[in-house]
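File shown: model-v4.pdb (PDB, C-alpha atoms, pLDDT in the B column).
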ATOM      1  CA  MET A   1      36.409 -27.649 -72.762  1.00 45.00           C
ATOM      2  CA  SER A   2      33.310 -29.634 -73.550  1.00 49.00           C
ATOM      3  CA  PHE A   3      32.414 -32.481 -75.827  1.00 53.00           C
ATOM      4  CA  LYS A   4      29.302 -34.310 -76.938  1.00 54.00           C
ATOM      5  CA  ARG A   5      28.830 -37.985 -76.434  1.00 59.00           C
ATOM      6  CA  ASP A   6      25.649 -39.852 -77.295  1.00 61.00           C
ATOM      7  CA  GLY A   7      23.659 -36.616 -77.430  1.00 62.00           C
ATOM      8  CA  PHE A   8      24.646 -35.512 -73.921  1.00 68.00           C
ATOM      9  CA  ARG A   9      26.942 -32.638 -73.214  1.00 67.00           C
ATOM     10  CA  SER A  10      29.654 -33.400 -70.713  1.00 70.00           C
ATOM     11  CA  LEU A  11      32.041 -30.858 -69.323  1.00 83.00           C
ATOM     12  CA  THR A  12      35.610 -31.753 -68.586  1.00 86.00           C
ATOM     13  CA  THR A  13      37.570 -29.743 -66.111  1.00 89.00           C
ATOM     14  CA  TRP A  14      41.236 -29.068 -65.547  1.00 87.00           C
ATOM     15  CA  TRP A  15      41.145 -31.796 -62.885  1.00 87.00           C
ATOM     16  CA  ASP A  16      39.955 -34.394 -65.392  1.00 88.00           C
ATOM     17  CA  GLU A  17      42.885 -33.739 -67.710  1.00 91.00           C
ATOM     18  CA  ALA A  18      45.630 -33.173 -65.121  1.00 93.00           C
ATOM     19  CA  THR A  19      48.214 -35.768 -64.203  1.00 93.00           C
ATOM     20  CA  ARG A  20      48.058 -37.182 -60.702  1.00 93.00           C
ATOM     21  CA  TYR A  21      51.160 -35.122 -59.856  1.00 95.00           C
ATOM     22  CA  GLN A  22      49.464 -31.931 -61.026  1.00 95.00           C
ATOM     23  CA  GLN A  23      46.440 -32.731 -58.878  1.00 95.00           C
ATOM     24  CA  ILE A  24      48.551 -33.466 -55.801  1.00 95.00           C
ATOM     25  CA  LYS A  25      50.814 -30.449 -56.317  1.00 95.00           C
ATOM     26  CA  ARG A  26      47.826 -28.157 -56.763  1.00 95.00           C
ATOM     27  CA  TYR A  27      46.299 -29.392 -53.521  1.00 95.00           C
ATOM     28  CA  ALA A  28      49.564 -29.014 -51.583  1.00 95.00           C
ATOM     29  CA  THR A  29      50.127 -25.523 -52.961  1.00 95.00           C
ATOM     30  CA  ARG A  30      46.584 -24.365 -52.274  1.00 95.00           C
ATOM     31  CA  ALA A  31      46.775 -25.782 -48.746  1.00 94.00           C
ATOM     32  CA  GLY A  32      50.062 -23.953 -48.172  1.00 92.00           C
ATOM     33  CA  LEU A  33      51.930 -27.174 -47.390  1.00 90.00           C
ATOM     34  CA  VAL A  34      55.701 -26.927 -47.336  1.00 88.00           C
ATOM     35  CA  HIS A  35      56.592 -30.430 -46.194  1.00 90.00           C
ATOM     36  CA  TRP A  36      54.478 -33.205 -47.619  1.00 94.00           C
ATOM     37  CA  VAL A  37      54.688 -36.678 -49.090  1.00 96.00           C
ATOM     38  CA  ALA A  38      52.513 -38.403 -51.674  1.00 96.00           C
ATOM     39  CA  ILE A  39      52.016 -42.142 -51.963  1.00 97.00           C
ATOM     40  CA  ASP A  40      51.092 -42.914 -55.537  1.00 95.00           C
ATOM     41  CA  ASP A  41      51.295 -45.596 -58.187  1.00 94.00           C
ATOM     42  CA  GLN A  42      51.248 -43.127 -61.093  1.00 91.00           C
ATOM     43  CA  PRO A  43      54.676 -41.469 -61.335  1.00 92.00           C
ATOM     44  CA  GLU A  44      54.121 -40.164 -64.868  1.00 90.00           C
ATOM     45  CA  GLY A  45      54.574 -36.431 -65.198  1.00 91.00           C
ATOM     46  CA  TRP A  46      55.996 -36.012 -61.702  1.00 92.00           C
ATOM     47  CA  GLY A  47      57.944 -32.748 -61.394  1.00 88.00           C
ATOM     48  CA  ALA A  48      61.698 -33.172 -60.978  1.00 92.00           C
ATOM     49  CA  GLY A  49      61.708 -30.670 -58.123  1.00 92.00           C
ATOM     50  CA  ASP A  50      59.234 -32.751 -56.124  1.00 94.00           C
ATOM     51  CA  LEU A  51      60.532 -36.290 -56.688  1.00 94.00           C
ATOM     52  CA  ASP A  52      61.724 -36.311 -53.076  1.00 93.00           C
ATOM     53  CA  LYS A  53      58.079 -36.061 -52.024  1.00 95.00           C
ATOM     54  CA  LEU A  54      56.949 -39.124 -53.993  1.00 96.00           C
ATOM     55  CA  VAL A  55      56.735 -42.606 -52.567  1.00 97.00           C
ATOM     56  CA  HIS A  56      56.118 -44.603 -55.717  1.00 96.00           C
ATOM     57  CA  THR A  57      54.131 -47.763 -55.184  1.00 97.00           C
ATOM     58  CA  HIS A  58      53.280 -50.455 -57.688  1.00 94.00           C
ATOM     59  CA  GLY A  59      49.606 -51.019 -58.370  1.00 92.00           C
ATOM     60  CA  ASP A  60      49.761 -54.722 -57.578  1.00 95.00           C
ATOM     61  CA  THR A  61      51.715 -54.497 -54.296  1.00 96.00           C
ATOM     62  CA  GLY A  62      51.115 -50.998 -52.902  1.00 95.00           C
ATOM     63  CA  LEU A  63      52.348 -50.546 -49.342  1.00 96.00           C
ATOM     64  CA  SER A  64      52.833 -54.281 -48.850  1.00 96.00           C
ATOM     65  CA  ASP A  65      56.255 -53.907 -50.525  1.00 97.00           C
ATOM     66  CA  PRO A  66      58.883 -53.633 -47.735  1.00 97.00           C
ATOM     67  CA  ALA A  67      61.060 -51.291 -49.833  1.00 97.00           C
ATOM     68  CA  VAL A  68      58.134 -48.919 -50.329  1.00 97.00           C
ATOM     69  CA  ARG A  69      57.351 -48.943 -46.601  1.00 97.00           C
ATOM     70  CA  ALA A  70      61.005 -48.217 -45.824  1.00 97.00           C
ATOM     71  CA  LEU A  71      60.982 -45.260 -48.229  1.00 97.00           C
ATOM     72  CA  LEU A  72      57.763 -43.956 -46.677  1.00 97.00           C
ATOM     73  CA  ILE A  73      59.282 -44.181 -43.200  1.00 97.00           C
ATOM     74  CA  GLN A  74      62.358 -42.310 -44.452  1.00 96.00           C
ATOM     75  CA  ARG A  75      60.286 -39.541 -46.064  1.00 95.00           C
ATOM     76  CA  LEU A  76      58.083 -39.146 -43.000  1.00 95.00           C
ATOM     77  CA  GLY A  77      61.225 -38.982 -40.866  1.00 94.00           C
ATOM     78  CA  GLN A  78      62.516 -36.138 -43.017  1.00 91.00           C
ATOM     79  CA  ILE A  79      59.264 -34.239 -42.571  1.00 90.00           C
ATOM     80  CA  HIS A  80      59.345 -34.850 -38.826  1.00 90.00           C
ATOM     81  CA  ALA A  81      62.966 -33.660 -38.591  1.00 89.00           C
ATOM     82  CA  ALA A  82      62.151 -30.506 -40.544  1.00 84.00           C
ATOM     83  CA  HIS A  83      59.256 -29.800 -38.216  1.00 78.00           C
ATOM     84  CA  LEU A  84      61.468 -30.240 -35.155  1.00 81.00           C
ATOM     85  CA  VAL A  85      63.948 -27.700 -36.540  1.00 73.00           C
ATOM     86  CA  ASP A  86      61.234 -25.151 -37.355  1.00 70.00           C
ATOM     87  CA  PRO A  87      57.697 -25.966 -36.157  1.00 65.00           C
ATOM     88  CA  MET A  88      56.296 -23.170 -38.312  1.00 63.00           C
ATOM     89  CA  THR A  89      57.232 -24.912 -41.567  1.00 60.00           C
ATOM     90  CA  TRP A  90      54.126 -27.080 -41.799  1.00 56.00           C
ATOM     91  CA  HIS A  91      52.470 -24.299 -43.803  1.00 57.00           C
ATOM     92  CA  ASP A  92      53.622 -21.242 -45.720  1.00 50.00           C
TER      93      ASP A  92
END

Is it possible to give me this structure as structure tokens?
Amino acid sequence: MSFKRDGFRSLTTWWDEATRYQQIKRYATRAGLVHWVAIDDQPEGWGAGDLDKLVHTHGDTGLSDPAVRALLIQRLGQIHAAHLVDPMTWHD
């Protein structure tokens, strides 16, 4: 898709129009990641099947929020436990 603005032609890509979740999910899929976690302050459009991979931060507090840090520690612990059970599950 392209559009004209002020006489210049700009091209937009899929990446430009994708939600943050779509961008993250695409990266994880292309990298073959099975166990992963995303820290993000844009939860809009997040897939229901991947909500357990999201650590939702707030733009004004980020990781300084103790509840967010606790959730991150929990999610990283889950990834670590999964890796201990089957070390080959880091990638497809």

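One distance worth recording is that between CA of Gly47 (chain A) and CA of Leu33 (chain A), which is 16.2 Å.
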
**OP:** Convert the output of the PyMOL selection byres ((chain A and resi 52) around 12) on the shown file into explicit residues, formatted as a count of residues only.
**Re:** 22

**OP:** Given the file shown, enumerate the residues that the PyMOL selection byres ((chain A and resi 18-27) around 8) captures and present them as a VMD selection string.
**Re:** chain A and resid 14 to 17 28 to 31 38 42 to 47

**OP:** Enter the distance from CA of Gly62 (chain A) to CA of Asp41 (chain A), in Å, rounded to one decimal.
**Re:**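 Between these atoms lies a distance of 7.6 Å.
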
Subject >> Atomic separation - CA of Ala82 (chain A) relative to CA of Val68 (chain A), Å >> reply: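 Separation between CA of Val68 (chain A) and CA of Ala82 (chain A): 21.2 Å.
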
Please, what is the axis-aligned box for every listed atom of region 35-41 of chain A with 5 Å on each side, as centre and edge lengths in Å to one decimal, as lines of an AutoDock Vina configuration file?
center_x = 53.8
center_y = -38.0
center_z = -52.2
size_x = 15.5
size_y = 25.2
size_z = 22.0
